[in-house]
file final_1.csv (CSV, N, CA and C atoms)
chain,number,residue,atom,x,y,z
A,1,MET,N,-42.2,-10.8,-24.2
A,1,MET,CA,-42.6,-11.9,-23.5
A,1,MET,C,-42.9,-13.1,-24.4
A,2,ASP,N,-42.5,-14.3,-24.0
A,2,ASP,CA,-42.8,-15.4,-24.9
A,2,ASP,C,-44.3,-15.8,-24.8
A,3,GLN,N,-44.8,-16.5,-25.8
A,3,GLN,CA,-46.2,-16.8,-25.9
A,3,GLN,C,-46.7,-17.6,-24.7
A,4,ASP,N,-45.9,-18.6,-24.2
A,4,ASP,CA,-46.4,-19.3,-23.0
A,4,ASP,C,-46.6,-18.4,-21.8
A,5,LEU,N,-45.7,-17.5,-21.6
A,5,LEU,CA,-45.9,-16.5,-20.5
A,5,LEU,C,-47.0,-15.6,-20.7
A,6,GLU,N,-47.2,-15.2,-22.0
A,6,GLU,CA,-48.4,-14.3,-22.3
A,6,GLU,C,-49.7,-15.0,-22.0
A,7,GLN,N,-49.8,-16.3,-22.3
A,7,GLN,CA,-51.0,-17.1,-21.9
A,7,GLN,C,-51.2,-17.2,-20.4
A,8,LYS,N,-50.1,-17.4,-19.7
A,8,LYS,CA,-50.2,-17.4,-18.2
A,8,LYS,C,-50.6,-16.1,-17.7
A,9,VAL,N,-50.1,-15.0,-18.3
A,9,VAL,CA,-50.6,-13.7,-17.8
A,9,VAL,C,-52.0,-13.5,-18.1
A,10,ARG,N,-52.5,-13.8,-19.3
A,10,ARG,CA,-53.9,-13.7,-19.6
A,10,ARG,C,-54.8,-14.5,-18.6
A,11,THR,N,-54.4,-15.7,-18.3
A,11,THR,CA,-55.1,-16.5,-17.4
A,11,THR,C,-55.1,-15.9,-16.0
A,12,ARG,N,-54.0,-15.4,-15.5
A,12,ARG,CA,-53.9,-14.8,-14.2
A,12,ARG,C,-54.8,-13.6,-14.1
A,13,MET,N,-54.7,-12.8,-15.2
A,13,MET,CA,-55.6,-11.5,-15.3
A,13,MET,C,-57.0,-11.9,-15.1
A,14,GLU,N,-57.5,-12.9,-15.8
A,14,GLU,CA,-58.9,-13.3,-15.7
A,14,GLU,C,-59.3,-13.7,-14.2
A,15,GLU,N,-58.3,-14.2,-13.5
A,15,GLU,CA,-58.6,-14.7,-12.1
A,15,GLU,C,-58.6,-13.5,-11.1
A,16,LEU,N,-58.1,-12.3,-11.5
A,16,LEU,CA,-58.0,-11.2,-10.6
A,16,LEU,C,-59.4,-10.5,-10.4
A,17,PRO,N,-59.6,-9.9,-9.3
A,17,PRO,CA,-60.9,-9.1,-9.1
A,17,PRO,C,-60.9,-8.0,-10.1
A,18,ALA,N,-62.0,-7.5,-10.5
A,18,ALA,CA,-62.2,-6.5,-11.6
A,18,ALA,C,-61.4,-5.2,-11.2
A,19,ASP,N,-61.4,-4.8,-10.0
A,19,ASP,CA,-60.7,-3.5,-9.7
A,19,ASP,C,-59.2,-3.7,-9.8
A,20,VAL,N,-58.7,-4.8,-9.4
A,20,VAL,CA,-57.2,-5.0,-9.5
A,20,VAL,C,-56.9,-5.1,-11.0
A,21,ARG,N,-57.6,-5.8,-11.8
A,21,ARG,CA,-57.4,-6.0,-13.2
A,21,ARG,C,-57.4,-4.6,-13.9
A,22,GLN,N,-58.4,-3.8,-13.5
A,22,GLN,CA,-58.5,-2.4,-14.0
A,22,GLN,C,-57.3,-1.6,-13.7
A,23,ALA,N,-56.8,-1.7,-12.5
A,23,ALA,CA,-55.6,-0.9,-12.1
A,23,ALA,C,-54.4,-1.3,-12.9
A,24,ILE,N,-54.2,-2.6,-13.2
A,24,ILE,CA,-53.1,-3.0,-14.0
A,24,ILE,C,-53.2,-2.6,-15.4
A,25,LEU,N,-54.5,-2.6,-16.0
A,25,LEU,CA,-54.7,-2.2,-17.4
A,25,LEU,C,-54.8,-0.7,-17.6
A,26,SER,N,-54.9,0.0,-16.5
A,26,SER,CA,-55.1,1.5,-16.7
A,26,SER,C,-53.9,2.1,-17.4
A,27,ALA,N,-54.2,3.3,-18.0
A,27,ALA,CA,-53.2,4.1,-18.7
A,27,ALA,C,-52.2,4.6,-17.6
A,28,GLU,N,-52.6,4.7,-16.4
A,28,GLU,CA,-51.7,5.3,-15.4
A,28,GLU,C,-50.4,4.4,-15.2
A,29,LEU,N,-50.5,3.1,-15.3
A,29,LEU,CA,-49.3,2.3,-15.2
A,29,LEU,C,-48.4,2.6,-16.4
A,30,GLU,N,-48.9,2.7,-17.6
A,30,GLU,CA,-48.1,3.1,-18.7
A,30,GLU,C,-47.4,4.4,-18.6
A,31,LYS,N,-48.2,5.4,-18.1
A,31,LYS,CA,-47.7,6.8,-17.9
A,31,LYS,C,-46.5,6.8,-16.8
A,32,LYS,N,-46.7,6.0,-15.8
A,32,LYS,CA,-45.7,5.9,-14.7
A,32,LYS,C,-44.4,5.3,-15.2
A,33,VAL,N,-44.6,4.2,-16.0
A,33,VAL,CA,-43.4,3.6,-16.6
A,33,VAL,C,-42.7,4.5,-17.5
A,34,GLN,N,-43.4,5.3,-18.4
A,34,GLN,CA,-42.8,6.2,-19.3
A,34,GLN,C,-42.1,7.3,-18.5
A,35,ALA,N,-42.7,7.8,-17.4
A,35,ALA,CA,-42.0,8.8,-16.6
A,35,ALA,C,-40.7,8.3,-16.0
A,36,ILE,N,-40.8,7.1,-15.5
A,36,ILE,CA,-39.6,6.5,-14.9
A,36,ILE,C,-38.5,6.3,-16.0
A,37,GLY,N,-39.0,5.8,-17.1
A,37,GLY,CA,-38.1,5.5,-18.2
A,37,GLY,C,-37.4,6.8,-18.7
A,38,GLY,N,-38.2,7.9,-18.7
A,38,GLY,CA,-37.7,9.2,-19.1
A,38,GLY,C,-36.7,9.7,-18.1
A,39,LYS,N,-37.0,9.6,-16.9
A,39,LYS,CA,-36.1,10.0,-15.8
A,39,LYS,C,-34.7,9.3,-15.9
A,40,HIS,N,-34.7,8.1,-16.2
A,40,HIS,CA,-33.5,7.3,-16.3
A,40,HIS,C,-33.0,7.1,-17.7
A,41,ARG,N,-33.6,7.9,-18.6
A,41,ARG,CA,-33.1,7.9,-20.0
A,41,ARG,C,-33.1,6.5,-20.6
A,42,LEU,N,-34.2,5.8,-20.5
A,42,LEU,CA,-34.3,4.4,-21.1
A,42,LEU,C,-34.8,4.6,-22.5
A,43,HIS,N,-34.4,3.7,-23.4
A,43,HIS,CA,-35.0,3.6,-24.7
A,43,HIS,C,-36.4,3.0,-24.7
A,44,ILE,N,-37.1,3.2,-25.7
A,44,ILE,CA,-38.5,2.7,-25.8
A,44,ILE,C,-38.6,1.2,-25.5
A,45,ASN,N,-37.7,0.5,-26.1
A,45,ASN,CA,-37.7,-1.0,-25.9
A,45,ASN,C,-37.4,-1.4,-24.5
A,46,GLN,N,-36.6,-0.6,-23.8
A,46,GLN,CA,-36.3,-0.8,-22.4
A,46,GLN,C,-37.5,-0.5,-21.6
A,47,MET,N,-38.2,0.5,-21.9
A,47,MET,CA,-39.4,0.9,-21.2
A,47,MET,C,-40.5,-0.3,-21.3
A,48,GLY,N,-40.5,-0.9,-22.4
A,48,GLY,CA,-41.4,-2.0,-22.6
A,48,GLY,C,-41.0,-3.2,-21.7
A,49,LYS,N,-39.8,-3.4,-21.6
A,49,LYS,CA,-39.3,-4.5,-20.7
A,49,LYS,C,-39.5,-4.1,-19.2
A,50,LEU,N,-39.3,-2.8,-18.9
A,50,LEU,CA,-39.6,-2.4,-17.5
A,50,LEU,C,-41.0,-2.6,-17.2
A,51,GLU,N,-41.9,-2.3,-18.1
A,51,GLU,CA,-43.3,-2.5,-17.9
A,51,GLU,C,-43.6,-4.0,-17.7
A,52,ASP,N,-43.0,-4.9,-18.6
A,52,ASP,CA,-43.2,-6.3,-18.5
A,52,ASP,C,-42.7,-6.8,-17.1
A,53,GLU,N,-41.5,-6.4,-16.7
A,53,GLU,CA,-41.0,-6.9,-15.4
A,53,GLU,C,-41.9,-6.4,-14.2
A,54,THR,N,-42.4,-5.2,-14.3
A,54,THR,CA,-43.3,-4.7,-13.3
A,54,THR,C,-44.6,-5.6,-13.2
A,55,LEU,N,-45.1,-5.9,-14.4
A,55,LEU,CA,-46.3,-6.7,-14.4
A,55,LEU,C,-46.1,-8.1,-13.9
A,56,LEU,N,-44.9,-8.7,-14.2
A,56,LEU,CA,-44.6,-10.0,-13.6
A,56,LEU,C,-44.6,-10.0,-12.1
A,57,VAL,N,-44.1,-8.9,-11.5
A,57,VAL,CA,-44.1,-8.8,-10.1
A,57,VAL,C,-45.5,-8.6,-9.6
A,58,MET,N,-46.2,-7.7,-10.2
A,58,MET,CA,-47.6,-7.4,-9.8
A,58,MET,C,-48.5,-8.7,-9.9
A,59,LEU,N,-48.2,-9.5,-10.8
A,59,LEU,CA,-49.0,-10.8,-11.0
A,59,LEU,C,-48.5,-12.0,-10.2
A,60,ALA,N,-47.4,-11.7,-9.5
A,60,ALA,CA,-46.8,-12.8,-8.6
A,60,ALA,C,-46.1,-13.9,-9.4
A,61,PHE,N,-45.7,-13.5,-10.7
A,61,PHE,CA,-44.9,-14.5,-11.4
A,61,PHE,C,-43.4,-14.3,-11.1
A,62,SER,N,-43.0,-13.2,-10.5
A,62,SER,CA,-41.6,-12.9,-10.3
A,62,SER,C,-41.5,-12.4,-8.9
A,63,ASP,N,-40.4,-12.8,-8.2
A,63,ASP,CA,-40.2,-12.4,-6.8
A,63,ASP,C,-39.8,-10.9,-6.7
A,64,PRO,N,-40.5,-10.1,-5.9
A,64,PRO,CA,-40.1,-8.7,-5.8
A,64,PRO,C,-38.6,-8.5,-5.4
A,65,ALA,N,-38.1,-9.4,-4.6
A,65,ALA,CA,-36.7,-9.3,-4.2
A,65,ALA,C,-35.7,-9.4,-5.3
A,66,GLU,N,-36.2,-10.0,-6.4
A,66,GLU,CA,-35.3,-10.2,-7.6
A,66,GLU,C,-35.6,-9.1,-8.7
A,67,PHE,N,-36.4,-8.1,-8.4
A,67,PHE,CA,-36.8,-7.1,-9.4
A,67,PHE,C,-35.6,-6.4,-10.0
A,68,ALA,N,-34.7,-5.9,-9.1
A,68,ALA,CA,-33.6,-5.1,-9.6
A,68,ALA,C,-32.7,-6.0,-10.5
A,69,ASP,N,-32.4,-7.2,-10.0
A,69,ASP,CA,-31.6,-8.2,-10.8
A,69,ASP,C,-32.2,-8.4,-12.2
A,70,ASN,N,-33.5,-8.7,-12.2
A,70,ASN,CA,-34.2,-8.9,-13.4
A,70,ASN,C,-34.2,-7.7,-14.4
A,71,LEU,N,-34.3,-6.5,-13.8
A,71,LEU,CA,-34.2,-5.3,-14.6
A,71,LEU,C,-32.8,-5.2,-15.2
A,72,ALA,N,-31.8,-5.4,-14.5
A,72,ALA,CA,-30.4,-5.3,-15.0
A,72,ALA,C,-30.3,-6.3,-16.2
A,73,LYS,N,-30.8,-7.5,-16.1
A,73,LYS,CA,-30.7,-8.5,-17.1
A,73,LYS,C,-31.5,-8.1,-18.3
A,74,GLN,N,-32.8,-7.8,-18.1
A,74,GLN,CA,-33.7,-7.5,-19.2
A,74,GLN,C,-33.5,-6.2,-19.9
A,75,LEU,N,-33.1,-5.2,-19.2
A,75,LEU,CA,-32.8,-3.8,-19.7
A,75,LEU,C,-31.4,-3.7,-20.2
A,76,GLN,N,-30.6,-4.7,-19.9
A,76,GLN,CA,-29.2,-4.7,-20.3
A,76,GLN,C,-28.5,-3.4,-19.8
A,77,VAL,N,-28.7,-3.1,-18.5
A,77,VAL,CA,-28.0,-2.0,-17.9
A,77,VAL,C,-27.2,-2.4,-16.7
A,78,PRO,N,-26.3,-1.6,-16.3
A,78,PRO,CA,-25.5,-2.0,-15.1
A,78,PRO,C,-26.4,-2.1,-13.8
A,79,GLN,N,-26.0,-3.0,-12.9
A,79,GLN,CA,-26.7,-3.3,-11.7
A,79,GLN,C,-27.1,-2.0,-11.0
A,80,GLU,N,-26.2,-1.0,-11.0
A,80,GLU,CA,-26.4,0.2,-10.2
A,80,GLU,C,-27.6,1.0,-10.8
A,81,GLN,N,-27.7,1.0,-12.2
A,81,GLN,CA,-28.8,1.7,-12.8
A,81,GLN,C,-30.1,0.9,-12.5
A,82,ALA,N,-30.1,-0.4,-12.6
A,82,ALA,CA,-31.3,-1.2,-12.3
A,82,ALA,C,-31.7,-0.9,-10.8
A,83,GLN,N,-30.8,-0.8,-9.9
A,83,GLN,CA,-31.1,-0.5,-8.5
A,83,GLN,C,-31.8,0.8,-8.4
A,84,ALA,N,-31.4,1.8,-9.2
A,84,ALA,CA,-32.0,3.1,-9.2
A,84,ALA,C,-33.4,3.1,-9.8
A,85,ASN,N,-33.6,2.3,-10.8
A,85,ASN,CA,-34.9,2.1,-11.5
A,85,ASN,C,-35.9,1.4,-10.6
A,86,ALA,N,-35.5,0.4,-9.9
A,86,ALA,CA,-36.4,-0.4,-9.1
A,86,ALA,C,-37.2,0.3,-8.0
A,87,PRO,N,-36.5,1.1,-7.2
A,87,PRO,CA,-37.3,1.9,-6.2
A,87,PRO,C,-38.3,2.8,-6.8
A,88,ASP,N,-37.9,3.5,-7.9
A,88,ASP,CA,-38.8,4.4,-8.5
A,88,ASP,C,-40.0,3.7,-9.0
A,89,GLN,N,-39.8,2.6,-9.6
A,89,GLN,CA,-41.0,1.8,-10.1
A,89,GLN,C,-41.9,1.4,-9.0
A,90,ALA,N,-41.3,0.9,-7.9
A,90,ALA,CA,-42.1,0.4,-6.8
A,90,ALA,C,-42.9,1.6,-6.2
A,91,GLU,N,-42.2,2.7,-6.0
A,91,GLU,CA,-42.9,3.9,-5.4
A,91,GLU,C,-44.0,4.4,-6.4
A,92,GLY,N,-43.7,4.3,-7.7
A,92,GLY,CA,-44.7,4.9,-8.6
A,92,GLY,C,-46.0,4.1,-8.7
A,93,LEU,N,-46.0,2.9,-8.2
A,93,LEU,CA,-47.2,2.1,-8.3
A,93,LEU,C,-47.9,2.1,-7.0
call {"tool": "encode", "arguments": {"input": "final_1.csv", "output": "structure tokens"}}
result
Amino acid sequence: MDQDLEQKVRTRMEELPADVRQAILSAELEKKVQAIGGKHRLHINQMGKLEDETLLVMLAFSDPAEFADNLAKQLQVPQEQAQANAPDQAEGL
């Protein structure tokens, strides 16, 4: 994530209710991303990008309808693989 976006994320996180912020920051999110990444044989850097894209949707910086397209671009995987990752990620949260 670039620094400008990181600052926007920090600002948005501060605006969230404490329970929502805690859910996003919990280790459960990271575990779920790792499980999905393992299932789809993603590399560690791809898992980081998967988590970033998930957070962008959760924080309303990114349109959920564009999630699979964004995954394909950021993870540098075929559209079919991104489509397979997106439902898993949505269900895992």
call {"tool": "residues_around", "arguments": {"input": "final_1.csv", "residues": "region 53-68 of chain A", "least_positions_apart": "4", "cutoff": "6.5 Å", "atoms": "only N, CA and C atoms", "output": "PyMOL selection string"}}
result
chain A and resi 48-49+72-73+82-83+86
call {"tool": "atom_distance", "arguments": {"input": "final_1.csv", "atom1": "CA of Gln76 (chain A)", "atom2": "atom C of Gly38 (chain A)"}}
result
16.4 Å
call {"tool": "closest_residue", "arguments": {"input": "final_1.csv", "among": "A:Leu50, A:Met13, A:Glu80, A:Asn45", "to": "Val33 (chain A)", "atoms": "only N, CA and C atoms"}}
result
A:Leu50
call {"tool": "atom_distance", "arguments": {"input": "final_1.csv", "atom1": "CA of Gly37 (chain A)", "atom2": "CA of Pro78 (chain A)"}}
result
15.0 Å
call {"tool": "atom_distance", "arguments": {"input": "final_1.csv", "atom1": "CA of Leu5 (chain A)", "atom2": "CA of Ser26 (chain A)"}}
result
20.6 Å
call {"tool": "select_by_dssp", "arguments": {"input": "final_1.csv", "residues": "chain A", "states": "alpha helix (DSSP H)", "output": "number ranges by chain"}}
result
A: 3-15, 18-25, 27-39, 44-58, 67-75, 79-92
call {"tool": "closest_residue", "arguments": {"input": "final_1.csv", "among": "A:Ala23, A:Leu29, A:Ile44, A:Ala35", "to": "Leu75 (chain A)", "atoms": "only C-alpha atoms"}}
result
A:Ile44
